[in-house]
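S.K.: Data: final_4.cif, mmCIF, C-alpha atoms.
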data_entry
loop_
_atom_site.label_atom_id
_atom_site.label_comp_id
_atom_site.auth_asym_id
_atom_site.auth_seq_id
_atom_site.Cartn_x
_atom_site.Cartn_y
_atom_site.Cartn_z
CA MET P 1 0.00 0.00 0.00
CA SER P 2 0.97 3.64 -0.43
CA ASP P 3 3.24 5.18 2.18
CA HIS P 4 2.08 8.71 3.03
CA LYS P 5 5.46 9.54 4.59
CA LYS P 6 7.32 9.32 1.28
CA SER P 7 5.93 12.60 -0.05
CA SER P 8 7.01 16.11 0.89
CA ILE P 9 3.38 17.27 0.97
CA ASN P 10 0.87 16.34 3.64
CA THR P 11 -0.77 13.46 1.82
CA SER P 12 -3.29 12.98 4.59
CA VAL P 13 -4.77 16.27 3.37
CA GLU P 14 -4.08 16.55 -0.36
CA GLU P 15 -2.80 14.61 -3.32
CA THR P 16 0.48 15.39 -5.06
CA GLN P 17 -0.08 17.35 -8.27
CA THR P 18 3.11 16.11 -9.96
CA ASN P 19 2.35 15.41 -13.63
CA ALA P 20 -1.34 15.81 -12.83
CA ALA P 21 -2.40 16.70 -16.39
CA TYR P 22 -0.52 13.72 -17.82
CA ARG P 23 -1.94 11.37 -15.21
CA ARG P 24 -5.50 12.55 -15.89
CA ALA P 25 -4.95 12.12 -19.62
CA LYS P 26 -3.85 8.53 -18.99
CA GLY P 27 -7.07 7.82 -17.09
CA GLU P 28 -6.13 8.43 -13.44
CA PHE P 29 -8.41 10.40 -11.14
CA VAL P 30 -6.29 13.19 -9.58
CA ARG P 31 -7.90 15.35 -6.90
CA GLY P 32 -7.16 19.08 -7.05
CA VAL P 33 -5.85 21.26 -4.22
CA SER P 34 -8.07 23.61 -2.21
CA GLY P 35 -7.06 27.27 -2.41
CA PHE P 36 -8.62 28.87 0.69
CA ARG P 37 -6.56 27.95 3.76
CA SER P 38 -7.13 30.63 6.44
CA VAL P 39 -7.14 29.38 10.03
CA LEU P 40 -10.19 30.35 12.03
CA GLY P 41 -9.23 31.70 15.44
CA GLU P 42 -5.63 32.41 14.39
CA ASP P 43 -6.15 34.69 11.40
CA PRO P 44 -7.21 38.08 12.89
CA ASN P 45 -9.74 38.45 10.07
CA PHE P 46 -11.59 35.38 11.27
CA PRO P 47 -11.94 35.34 15.08
CA ALA P 48 -13.68 32.38 16.70
CA GLU P 49 -17.11 33.51 17.86
CA PRO P 50 -20.61 31.97 17.88
CA ASN P 51 -23.16 32.49 15.09
CA ARG P 52 -20.68 34.11 12.72
CA TYR P 53 -19.72 31.17 10.51
CA HIS P 54 -21.54 29.07 7.97
CA LEU P 55 -20.99 25.86 6.03
CA PHE P 56 -21.89 25.27 2.40
CA ALA P 57 -22.03 21.53 1.78
CA ALA P 58 -23.47 18.71 -0.32
CA LEU P 59 -24.52 15.67 1.67
CA ASN P 60 -23.51 13.15 -0.99
CA CYS P 61 -19.91 14.42 -0.87
CA PRO P 62 -17.74 12.52 1.67
CA TRP P 63 -15.45 15.53 2.12
CA CYS P 64 -18.49 17.59 3.10
CA HIS P 65 -19.63 14.75 5.33
CA ARG P 66 -16.43 15.24 7.33
CA VAL P 67 -17.42 18.78 8.24
CA THR P 68 -21.13 18.14 8.88
CA LEU P 69 -20.07 15.23 11.05
CA ALA P 70 -17.59 17.39 13.00
CA ARG P 71 -20.22 20.11 13.36
CA ASN P 72 -22.65 17.65 14.93
CA ILE P 73 -20.17 15.66 17.02
CA LEU P 74 -18.81 18.89 18.50
CA GLY P 75 -22.25 20.33 19.28
CA LEU P 76 -22.04 23.24 16.83
CA GLN P 77 -25.36 22.79 15.00
CA ASP P 78 -26.91 25.84 16.67
CA SER P 79 -23.93 28.17 16.23
CA ILE P 80 -22.68 27.30 12.74
CA SER P 81 -25.42 27.52 10.12
CA LEU P 82 -25.60 25.21 7.10
CA ASP P 83 -26.77 25.32 3.49
CA VAL P 84 -27.10 22.10 1.48
CA ALA P 85 -26.70 21.84 -2.30
CA PHE P 86 -28.69 19.43 -4.43
CA PRO P 87 -26.73 16.17 -4.75
CA ASN P 88 -26.52 16.28 -8.56
CA ARG P 89 -24.67 19.00 -10.42
CA THR P 90 -26.25 21.25 -13.03
CA THR P 91 -27.07 19.71 -16.40
CA ASP P 92 -26.09 20.61 -19.95
CA ASP P 93 -29.07 22.93 -20.31
CA ASP P 94 -28.07 25.12 -17.38
CA PRO P 95 -27.84 28.81 -18.42
CA ILE P 96 -24.40 29.18 -16.77
CA ALA P 97 -22.66 25.81 -17.17
CA ALA P 98 -23.00 22.10 -16.59
CA SER P 99 -21.52 20.10 -13.68
CA LEU P 100 -21.77 22.81 -11.02
CA TRP P 101 -23.04 22.55 -7.44
CA GLU P 102 -26.46 24.18 -7.22
CA PHE P 103 -28.66 25.46 -4.39
CA ASN P 104 -32.09 24.46 -5.60
CA PRO P 105 -34.54 23.22 -2.94
CA GLN P 106 -37.25 22.78 -5.58
CA ARG P 107 -35.25 20.41 -7.78
CA ILE P 108 -36.76 16.92 -8.05
CA ALA P 109 -34.69 13.84 -7.19
CA THR P 110 -35.14 10.93 -9.58
CA LEU P 111 -34.82 8.47 -6.68
CA THR P 112 -37.76 9.87 -4.71
CA GLY P 113 -39.74 11.74 -7.37
CA ALA P 114 -39.84 14.72 -5.00
CA ALA P 115 -37.74 17.58 -3.71
CA LEU P 116 -35.22 16.73 -0.98
CA LEU P 117 -36.13 18.35 2.32
CA GLU P 118 -32.52 18.90 3.35
CA CYS P 119 -31.70 21.05 0.29
CA THR P 120 -31.66 24.81 0.82
CA SER P 121 -31.12 28.08 -0.96
CA ASP P 122 -28.03 30.21 -0.22
CA THR P 123 -28.85 31.89 3.10
CA ALA P 124 -25.42 33.22 4.04
CA THR P 125 -24.00 35.54 1.39
CA GLY P 126 -26.89 38.00 1.19
CA LYS P 127 -26.76 37.58 -2.60
CA GLN P 128 -28.93 34.46 -2.86
CA PHE P 129 -26.43 32.85 -5.16
CA ARG P 130 -27.74 29.81 -7.02
CA LEU P 131 -24.34 28.27 -7.71
CA VAL P 132 -21.36 27.52 -5.48
CA LYS P 133 -19.27 28.84 -8.37
CA GLN P 134 -20.75 32.30 -7.74
CA ILE P 135 -19.59 32.30 -4.11
CA TYR P 136 -16.04 31.79 -5.33
CA GLU P 137 -16.37 34.31 -8.17
CA ALA P 138 -17.25 36.98 -5.58
CA GLU P 139 -13.69 36.48 -4.27
CA GLY P 140 -12.08 36.32 -7.71
CA SER P 141 -11.57 32.57 -7.57
CA GLU P 142 -12.28 29.98 -10.25
CA GLU P 143 -12.80 27.15 -7.75
CA VAL P 144 -16.15 25.37 -7.63
CA SER P 145 -15.88 22.84 -4.79
CA VAL P 146 -17.60 22.20 -1.48
CA PRO P 147 -17.32 22.24 1.49
CA ILE P 148 -16.86 25.94 2.21
CA LEU P 149 -16.46 27.50 5.64
CA TYR P 150 -17.84 31.03 5.22
CA ASP P 151 -17.76 34.18 7.35
CA LYS P 152 -21.23 35.74 7.30
CA LYS P 153 -19.94 38.99 8.83
CA SER P 154 -17.19 39.84 6.33
CA LYS P 155 -18.84 37.86 3.47
CA ARG P 156 -15.62 35.98 2.80
CA ILE P 157 -14.53 32.39 2.44
CA VAL P 158 -12.42 31.22 5.37
CA ALA P 159 -11.40 27.77 4.14
CA ASN P 160 -12.40 25.03 1.74
CA GLU P 161 -10.09 22.18 2.73
CA SER P 162 -12.18 19.72 4.76
CA ALA P 163 -9.29 18.26 6.75
CA GLU P 164 -8.31 21.73 7.96
CA ILE P 165 -11.90 22.78 8.65
CA ILE P 166 -12.54 19.86 11.01
CA ARG P 167 -9.27 20.54 12.83
CA MET P 168 -10.11 24.20 13.43
CA LEU P 169 -13.70 23.43 14.47
CA ASN P 170 -12.34 21.03 17.07
CA ARG P 171 -9.74 23.50 18.33
CA GLN P 172 -12.21 26.38 18.56
CA ALA P 173 -15.37 24.45 19.50
CA SER P 174 -15.89 26.18 22.84
CA ALA P 175 -15.36 29.69 21.44
CA LEU P 176 -17.65 28.89 18.52
CA GLY P 177 -20.51 28.10 20.87
CA SER P 178 -20.58 24.34 21.38
CA VAL P 179 -23.53 23.14 23.43
CA TYR P 180 -21.20 20.67 25.15
CA SER P 181 -18.80 21.46 27.96
CA ASP P 182 -15.11 20.84 27.44
CA GLN P 183 -15.43 17.73 29.61
CA ASP P 184 -18.39 16.29 27.70
CA ARG P 185 -17.31 17.13 24.16
CA PRO P 186 -15.11 14.70 22.19
CA ASP P 187 -11.61 16.05 21.54
CA LEU P 188 -10.88 14.89 18.02
CA TYR P 189 -7.19 15.82 18.10
CA PRO P 190 -5.91 16.33 21.69
CA GLU P 191 -3.06 18.83 21.64
CA SER P 192 -1.70 18.56 25.18
CA ASP P 193 1.88 17.36 25.68
CA ASP P 194 0.79 14.08 27.21
CA ASN P 195 -1.15 13.21 24.03
CA ARG P 196 1.81 13.40 21.69
CA GLN P 197 1.78 9.67 20.92
CA LEU P 198 -1.97 9.75 20.30
CA ARG P 199 -1.52 12.58 17.80
CA GLU P 200 1.19 10.59 16.04
CA ASP P 201 -1.15 7.61 15.85
CA ILE P 202 -3.95 9.79 14.47
CA ASP P 203 -1.62 11.38 11.91
CA THR P 204 -0.41 7.97 10.72
CA LEU P 205 -3.94 6.65 10.36
CA ASN P 206 -5.09 9.84 8.64
CA GLY P 207 -2.43 9.39 5.96
CA GLN P 208 -3.15 5.72 5.42
CA ILE P 209 -6.91 6.23 5.38
CA TYR P 210 -6.79 9.21 3.02
CA ILE P 211 -4.56 7.56 0.43
CA ASN P 212 -5.97 4.06 0.48
CA ILE P 213 -9.62 4.54 1.46
CA ASN P 214 -10.96 8.13 1.17
CA ASN P 215 -9.17 9.09 -2.03
CA GLY P 216 -8.61 5.44 -2.93
CA ALA P 217 -12.34 4.94 -3.47
CA TYR P 218 -12.28 7.73 -6.05
CA LYS P 219 -9.14 6.34 -7.67
CA ALA P 220 -11.03 3.08 -8.16
CA GLY P 221 -14.39 4.49 -9.17
CA PHE P 222 -13.46 7.42 -11.38
CA SER P 223 -10.26 6.32 -13.10
CA SER P 224 -10.48 4.93 -16.62
CA ASP P 225 -7.25 2.93 -16.56
CA GLN P 226 -7.51 -0.73 -15.56
CA LYS P 227 -4.13 -0.84 -13.83
CA VAL P 228 -4.83 2.33 -11.82
CA TYR P 229 -8.19 0.87 -10.82
CA ALA P 230 -6.65 -2.48 -9.84
CA THR P 231 -4.00 -0.83 -7.68
CA ALA P 232 -6.61 1.34 -5.95
CA PHE P 233 -8.85 -1.71 -5.44
CA ASP P 234 -6.03 -3.72 -3.84
CA ASN P 235 -4.93 -0.83 -1.62
CA TYR P 236 -8.49 -0.14 -0.50
CA PHE P 237 -9.23 -3.68 0.62
CA GLY P 238 -5.72 -4.17 1.96
CA MET P 239 -6.22 -1.17 4.25
CA LEU P 240 -9.65 -2.41 5.33
CA GLY P 241 -8.00 -5.70 6.27
CA GLU P 242 -5.35 -3.92 8.33
CA LEU P 243 -7.97 -1.88 10.18
CA GLU P 244 -10.00 -5.03 10.84
CA LYS P 245 -6.94 -6.73 12.36
CA SER P 246 -6.15 -3.67 14.48
CA LEU P 247 -9.68 -3.50 15.90
CA ALA P 248 -9.72 -7.25 16.50
CA ALA P 249 -6.34 -7.34 18.25
CA ASP P 250 -7.63 -5.85 21.50
CA ASN P 251 -11.34 -5.38 20.71
CA ARG P 252 -10.92 -1.62 20.95
CA ASN P 253 -13.94 0.63 20.51
CA PHE P 254 -12.33 3.09 18.11
CA LEU P 255 -9.29 3.22 15.84
CA THR P 256 -6.86 4.57 18.43
CA GLY P 257 -8.41 3.13 21.59
CA ASP P 258 -11.44 3.94 23.71
CA ALA P 259 -11.97 7.52 22.47
CA PHE P 260 -13.49 8.69 19.18
CA THR P 261 -10.90 10.82 17.36
CA GLU P 262 -10.28 12.56 14.06
CA ALA P 263 -9.09 9.27 12.54
CA ASP P 264 -12.51 7.71 13.16
CA LEU P 265 -14.25 10.79 11.81
CA ARG P 266 -12.26 10.71 8.58
CA LEU P 267 -12.84 7.00 7.99
CA PHE P 268 -16.57 7.03 8.68
CA PRO P 269 -17.90 8.88 5.57
CA THR P 270 -16.31 6.37 3.18
CA LEU P 271 -17.39 3.26 5.07
CA TYR P 272 -20.88 4.70 5.56
CA ARG P 273 -21.15 4.80 1.75
CA HIS P 274 -19.44 1.48 0.98
CA ASP P 275 -22.17 -1.17 1.12
CA PRO P 276 -25.09 0.87 -0.31
CA VAL P 277 -23.13 2.95 -2.87
CA TYR P 278 -19.42 2.31 -3.39
CA TYR P 279 -19.71 -1.48 -3.68
CA VAL P 280 -21.42 -0.90 -7.05
CA ARG P 281 -20.70 2.69 -8.11
CA MET P 282 -16.98 2.70 -7.31
CA LYS P 283 -16.47 -0.91 -8.47
CA LEU P 284 -15.33 -1.83 -4.94
CA ASN P 285 -17.10 -5.17 -4.95
CA GLY P 286 -14.34 -7.15 -3.29
CA ALA P 287 -16.32 -7.32 -0.05
CA LYS P 288 -18.90 -5.43 1.96
CA ILE P 289 -18.18 -3.88 5.34
CA LEU P 290 -20.57 -6.54 6.66
CA ASP P 291 -17.83 -9.03 5.75
CA PHE P 292 -15.48 -7.38 8.29
CA PRO P 293 -17.08 -8.06 11.71
CA HIS P 294 -15.00 -5.65 13.77
CA LEU P 295 -15.24 -2.86 11.20
CA TRP P 296 -19.00 -3.39 10.97
CA ARG P 297 -19.40 -3.12 14.73
CA TRP P 298 -17.14 -0.05 14.68
CA LEU P 299 -19.33 1.49 11.94
CA CYS P 300 -22.48 0.85 13.98
CA ARG P 301 -20.79 2.19 17.13
CA VAL P 302 -19.93 5.47 15.40
CA TYR P 303 -23.37 5.72 13.81
CA ALA P 304 -24.92 5.51 17.29
CA LEU P 305 -22.99 8.52 18.61
CA PRO P 306 -25.09 11.68 19.16
CA GLY P 307 -25.46 13.71 15.99
CA VAL P 308 -23.88 11.20 13.61
CA ALA P 309 -27.02 9.78 11.99
CA SER P 310 -28.39 13.26 11.32
CA SER P 311 -25.12 14.50 9.80
CA ASN P 312 -25.85 12.94 6.41
CA SER P 313 -28.36 11.22 4.13
CA LEU P 314 -27.98 8.06 2.08
CA VAL P 315 -30.79 9.34 -0.17
CA HIS P 316 -28.48 12.21 -1.13
CA CYS P 317 -25.57 9.79 -1.52
CA ARG P 318 -27.47 7.42 -3.79
CA GLN P 319 -28.93 10.28 -5.82
CA GLY P 320 -25.59 12.06 -6.11
CA TYR P 321 -23.43 9.14 -7.17
CA PHE P 322 -25.80 7.17 -9.38
CA GLY P 323 -27.41 10.32 -10.75
CA ARG P 324 -24.04 11.01 -12.39
CA SER P 325 -23.79 7.54 -13.95
CA TRP P 326 -24.32 6.98 -17.67
CA ASN P 327 -28.10 6.44 -17.47
CA ASN P 328 -28.90 8.40 -14.27
CA VAL P 329 -30.82 5.44 -12.82
CA VAL P 330 -30.44 4.98 -9.05
CA PRO P 331 -30.39 1.39 -7.71
CA LEU P 332 -32.97 0.66 -5.02
CA GLY P 333 -30.94 -1.83 -2.96
CA PRO P 334 -29.37 -3.34 -1.08
CA LEU P 335 -32.36 -4.84 0.71
CA GLN P 336 -30.59 -7.73 2.44
CA PRO P 337 -29.95 -8.35 5.27
CA MET P 338 -31.98 -5.12 5.59
CA THR P 339 -32.18 -1.63 4.14
CA TYR P 340 -29.58 1.07 4.79
CA PRO P 341 -29.01 3.15 6.89
CA GLU P 342 -31.27 1.07 9.16
CA ALA P 343 -28.65 -1.70 9.05
CA TYR P 344 -26.20 0.57 10.89
CA GLU P 345 -28.43 0.26 13.97
CA HIS P 346 -27.75 -3.49 14.07
CA PRO P 347 -24.20 -4.47 15.02
CA GLU P 348 -25.48 -8.01 15.65
CA LEU P 349 -25.83 -8.59 11.89
CA VAL P 350 -22.29 -9.96 11.95
CA GLY P 351 -22.98 -12.24 14.93
#
As structure tokens, please, write out the structure in this file.
M.R.:
Amino acid sequence: MSDHKKSSINTSVEETQTNAAYRRAKGEFVRGVSGFRSVLGEDPNFPAEPNRYHLFAALNCPWCHRVTLARNILGLQDSISLDVAFPNRTTDDDPIAASLWEFNPQRIATLTGAALLECTSDTATGKQFRLVKQIYEAEGSEEVSVPILYDKKSKRIVANESAEIIRMLNRQASALGSVYSDQDRPDLYPESDDNRQLREDIDTLNGQIYININNGAYKAGFSSDQKVYATAFDNYFGMLGELEKSLAADNRNFLTGDAFTEADLRLFPTLYRHDPVYYVRMKLNGAKILDFPHLWRWLCRVYALPGVASSNSLVHCRQGYFGRSWNNVVPLGPLQPMTYPEAYEHPELVG
């Protein structure tokens, strides 16, 4: 499997762009680099205070799922507002352009035949932008991605790199208005001196999980080269096997021990999507998470934490991924051993 320590960049956060154009031309999926990297609470333009900040997200996107999950886990739902884009991008007949994130609460999902209740209009910029692209254009940027952490007071983008957003939300959770006390709130990345080894363990897992699982799923599903796909497939399931062995070794509750940390948070969005979406859409049909007993119980354990279930929607995930497939038809399963996400409430499915 890939070794995240061999690169000079932080490959737990972003992918190397070396020969990116050539690699894309050869059929490899290469993720771009986020351009807005201010640090909330450290940049004087963006002080940490309640009710000032906003998230633009799409629930089908696993990178957005990181930040909605952090928002909920940290008790920030009431103090950081949220707008949700429709899970499919704009179509070829859009008056601006195709393949753009759109705020359109009236748009009909093919899966349900109805509008999706979670979708919103833009409520933060004061401009009622329809497209995420327009939020960036207001700052002179050509980027088009979500998530976005946005300052409603200055009407500026703070950051759009999900790994950095979850880290700063954790660090500033109290100042941002968390409903939990410091004692009751999970600390996703403990920064005290006596937690140095834990941070090293989290950093190592973050790198392995990003390369082999988070980004690895996209390498498998969206690359058009058979060898690139096969390598991503092998790395993905190899890493799942290693995580299964680690959890089984001492029957630990979470990846680094008894406490839920950033490593768990970053793994969850991909595994949450695996059985009902990625198994088919990303061609990751080597096994289901149900075939890994300790990982399945871990997945159910995380799903049961306060705020986790409400941080996302598999309807959005199914609509978003399969709605971009060649015929736009969304599969209705899996139905066995039961429907998802209901299955995540049943750790006993693996015995």
S.K.: For Ser162 of chain P, which residue among P:Pro347, P:Pro62, P:Gly333, P:Pro186 is the nearest when counting all atoms listed in the file?
M.R.: P:Pro62
S.K.: Could you write out as a compact mmCIF listing (two decimals) with C-alpha atoms, keeping the file's coordinate frame the residues that the PyMOL selection byres ((chain P and resi 156) around 12) matches in the shown file?
M.R.:
# COMPACT_ATOMS: atom_id res chain seq x y z
CA PHE P 36 -8.62 28.87 0.69
CA SER P 38 -7.13 30.63 6.44
CA ASN P 45 -9.74 38.45 10.07
CA PHE P 46 -11.59 35.38 11.27
CA ARG P 52 -20.68 34.11 12.72
CA TYR P 53 -19.72 31.17 10.51
CA HIS P 54 -21.54 29.07 7.97
CA LEU P 55 -20.99 25.86 6.03
CA ALA P 124 -25.42 33.22 4.04
CA THR P 125 -24.00 35.54 1.39
CA GLY P 126 -26.89 38.00 1.19
CA ILE P 135 -19.59 32.30 -4.11
CA TYR P 136 -16.04 31.79 -5.33
CA GLU P 137 -16.37 34.31 -8.17
CA ALA P 138 -17.25 36.98 -5.58
CA GLU P 139 -13.69 36.48 -4.27
CA GLY P 140 -12.08 36.32 -7.71
CA SER P 141 -11.57 32.57 -7.57
CA ILE P 148 -16.86 25.94 2.21
CA LEU P 149 -16.46 27.50 5.64
CA TYR P 150 -17.84 31.03 5.22
CA ASP P 151 -17.76 34.18 7.35
CA LYS P 152 -21.23 35.74 7.30
CA LYS P 153 -19.94 38.99 8.83
CA SER P 154 -17.19 39.84 6.33
CA LYS P 155 -18.84 37.86 3.47
CA ILE P 157 -14.53 32.39 2.44
CA VAL P 158 -12.42 31.22 5.37
CA ALA P 159 -11.40 27.77 4.14
CA ASN P 160 -12.40 25.03 1.74
S.K.: Please enumerate the residues selected by the PyMOL selection byres ((chain P and resi 282-284) around 9) when evaluated against the supplied file, formatted as an MDAnalysis selection string.
M.R.: chainID P and resid 217:222 229 233 236:237 274 277:281 285:288
S.K.: Residues as selected, C-alpha atoms, written as a compact mmCIF listing (two decimals), keeping the file's coordinate frame, can you do that?
M.R.:
# COMPACT_ATOMS: atom_id res chain seq x y z
CA ALA P 217 -12.34 4.94 -3.47
CA TYR P 218 -12.28 7.73 -6.05
CA LYS P 219 -9.14 6.34 -7.67
CA ALA P 220 -11.03 3.08 -8.16
CA GLY P 221 -14.39 4.49 -9.17
CA PHE P 222 -13.46 7.42 -11.38
CA TYR P 229 -8.19 0.87 -10.82
CA PHE P 233 -8.85 -1.71 -5.44
CA TYR P 236 -8.49 -0.14 -0.50
CA PHE P 237 -9.23 -3.68 0.62
CA HIS P 274 -19.44 1.48 0.98
CA VAL P 277 -23.13 2.95 -2.87
CA TYR P 278 -19.42 2.31 -3.39
CA TYR P 279 -19.71 -1.48 -3.68
CA VAL P 280 -21.42 -0.90 -7.05
CA ARG P 281 -20.70 2.69 -8.11
CA ASN P 285 -17.10 -5.17 -4.95
CA GLY P 286 -14.34 -7.15 -3.29
CA ALA P 287 -16.32 -7.32 -0.05
CA LYS P 288 -18.90 -5.43 1.96
S.K.: Have a look at P:Asp203, P:Glu42, P:Glu345, P:Glu102 and name the one nearest to Trp298 of chain P; count all atoms listed in the file.
M.R.: P:Glu345
S.K.: Name the residues in contact with Ala48 of chain P at a cut-off of 12 Å, using all atoms listed in the file, excluding same-chain residues fewer than 2 positions from it; report them as a VMD selection string.
M.R.: chain P and resid 39 to 46 50 to 53 79 to 80 151 158 168 to 178
S.K.: Evaluate the PyMOL selection byres ((chain P and resi 87) around 9) here and jot the selected residues down as a PDB file with C-alpha atoms, in the frame of the given file.
M.R.:
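Resulting contents of part.pdb:
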ATOM      1  CA  ALA P  58     -23.470  18.710  -0.320  1.00  0.00           C
ATOM      2  CA  LEU P  59     -24.520  15.670   1.670  1.00  0.00           C
ATOM      3  CA  ASN P  60     -23.510  13.150  -0.990  1.00  0.00           C
ATOM      4  CA  CYS P  61     -19.910  14.420  -0.870  1.00  0.00           C
ATOM      5  CA  VAL P  84     -27.100  22.100   1.480  1.00  0.00           C
ATOM      6  CA  ALA P  85     -26.700  21.840  -2.300  1.00  0.00           C
ATOM      7  CA  PHE P  86     -28.690  19.430  -4.430  1.00  0.00           C
ATOM      8  CA  ASN P  88     -26.520  16.280  -8.560  1.00  0.00           C
ATOM      9  CA  ARG P  89     -24.670  19.000 -10.420  1.00  0.00           C
ATOM     10  CA  TRP P 101     -23.040  22.550  -7.440  1.00  0.00           C
ATOM     11  CA  GLU P 102     -26.460  24.180  -7.220  1.00  0.00           C
ATOM     12  CA  ALA P 109     -34.690  13.840  -7.190  1.00  0.00           C
ATOM     13  CA  CYS P 119     -31.700  21.050   0.290  1.00  0.00           C
ATOM     14  CA  HIS P 316     -28.480  12.210  -1.130  1.00  0.00           C
ATOM     15  CA  CYS P 317     -25.570   9.790  -1.520  1.00  0.00           C
ATOM     16  CA  ARG P 318     -27.470   7.420  -3.790  1.00  0.00           C
ATOM     17  CA  GLN P 319     -28.930  10.280  -5.820  1.00  0.00           C
ATOM     18  CA  GLY P 320     -25.590  12.060  -6.110  1.00  0.00           C
ATOM     19  CA  TYR P 321     -23.430   9.140  -7.170  1.00  0.00           C
ATOM     20  CA  GLY P 323     -27.410  10.320 -10.750  1.00  0.00           C
TER      21      GLY P 323
END
S.K.: Of the candidates P:Thr231, P:Thr110, P:Ser223, P:Thr204, which one gets nearest to Glu262 of chain P if we count only C-alpha atoms?
M.R.: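 Among P:Thr231, P:Thr110, P:Ser223, P:Thr204, it is P:Thr204 that comes nearest to Glu262 of chain P.
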S.K.: Check the smallest atom-to-atom distance from each of P:Val146, P:Val67, P:Ala232, P:Pro341 to Ser313 of chain P using all atoms listed in the file, then report the winner.
M.R.: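 Residue with the minimum atom-to-atom distance to Ser313 of chain P: P:Pro341.
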S.K.: P:Gln226, P:Asn72, P:Thr270, P:Thr90: which is nearest Val179 of chain P, counting all atoms listed in the file?
M.R.: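 Closest to Val179 of chain P, using all atoms listed in the file: P:Asn72.
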S.K.: What's around Leu188 of chain P at 9 Å? Count all atoms listed in the file, leave out sequence neighbours fewer than 6 positions away in its own chain, and write the answer as a list in words.
M.R.: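 Those residues are Ala70, Leu74, Ile166, Arg167, Asn170, Arg171, Ala259, Phe260, Thr261, Glu262, Ala263, Asp264 and Leu265 of chain P.
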S.K.: With all atoms listed in the file as the atoms that count, which of P:Leu76, P:Ala97, P:Val315, P:Val329 lies nearest to Glu49 of chain P?
M.R.: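 Under the stated criterion, the closest residue is P:Leu76.
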S.K.: Could you tell me how far atom CA of Asn251 of chain P lies from atom CA of Arg301 of chain P, in Å and to one decimal?
M.R.: 12.6 Å
S.K.: Could you work out how far atom CA of Val228 of chain P lies from atom CA of Trp296 of chain P, giving the answer in Å with one decimal?
M.R.: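 Calculated distance between atom CA of Trp296 of chain P and atom CA of Val228 of chain P is 27.4 Å.
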S.K.: Mind giving me the straight-line distance from atom CA of Arg185 of chain P to atom CA of Ile73 of chain P in Å, one decimal?
M.R.: 7.8 Å
S.K.: Output as an mmCIF file, keeping the file's coordinate frame: segment 165-178 of chain P, completed with N, CA and C atoms.
M.R.:
data_model
loop_
_atom_site.group_PDB
_atom_site.id
_atom_site.type_symbol
_atom_site.label_atom_id
_atom_site.label_comp_id
_atom_site.auth_asym_id
_atom_site.auth_seq_id
_atom_site.Cartn_x
_atom_site.Cartn_y
_atom_site.Cartn_z
ATOM 1 N N ILE P 165 -10.690 22.268 8.021
ATOM 2 C CA ILE P 165 -11.900 22.780 8.650
ATOM 3 C C ILE P 165 -12.239 21.981 9.904
ATOM 4 N N ILE P 166 -12.180 20.657 9.826
ATOM 5 C CA ILE P 166 -12.540 19.860 11.010
ATOM 6 C C ILE P 166 -11.536 20.074 12.133
ATOM 7 N N ARG P 167 -10.276 20.295 11.791
ATOM 8 C CA ARG P 167 -9.270 20.540 12.830
ATOM 9 C C ARG P 167 -9.537 21.858 13.536
ATOM 10 N N MET P 168 -9.877 22.903 12.793
ATOM 11 C CA MET P 168 -10.110 24.200 13.430
ATOM 12 C C MET P 168 -11.441 24.224 14.180
ATOM 13 N N LEU P 169 -12.451 23.506 13.706
ATOM 14 C CA LEU P 169 -13.700 23.430 14.470
ATOM 15 C C LEU P 169 -13.462 22.745 15.806
ATOM 16 N N ASN P 170 -12.646 21.715 15.813
ATOM 17 C CA ASN P 170 -12.340 21.030 17.070
ATOM 18 C C ASN P 170 -11.578 21.945 18.018
ATOM 19 N N ARG P 171 -10.579 22.640 17.493
ATOM 20 C CA ARG P 171 -9.740 23.500 18.330
ATOM 21 C C ARG P 171 -10.532 24.667 18.916
ATOM 22 N N GLN P 172 -11.485 25.184 18.153
ATOM 23 C CA GLN P 172 -12.210 26.380 18.560
ATOM 24 C C GLN P 172 -13.656 26.084 18.991
ATOM 25 N N ALA P 173 -13.978 24.838 19.249
ATOM 26 C CA ALA P 173 -15.370 24.450 19.500
ATOM 27 C C ALA P 173 -16.020 25.250 20.618
ATOM 28 N N SER P 174 -15.319 25.448 21.707
ATOM 29 C CA SER P 174 -15.890 26.180 22.840
ATOM 30 C C SER P 174 -16.170 27.636 22.459
ATOM 31 N N ALA P 175 -15.197 28.289 21.839
ATOM 32 C CA ALA P 175 -15.360 29.690 21.440
ATOM 33 C C ALA P 175 -16.433 29.859 20.365
ATOM 34 N N LEU P 176 -16.652 28.823 19.576
ATOM 35 C CA LEU P 176 -17.650 28.890 18.520
ATOM 36 C C LEU P 176 -19.060 28.641 19.021
ATOM 37 N N GLY P 177 -19.187 28.244 20.283
ATOM 38 C CA GLY P 177 -20.510 28.100 20.870
ATOM 39 C C GLY P 177 -21.030 26.690 21.003
ATOM 40 N N SER P 178 -20.137 25.722 21.200
ATOM 41 C CA SER P 178 -20.580 24.340 21.380
ATOM 42 C C SER P 178 -21.565 24.221 22.535
#
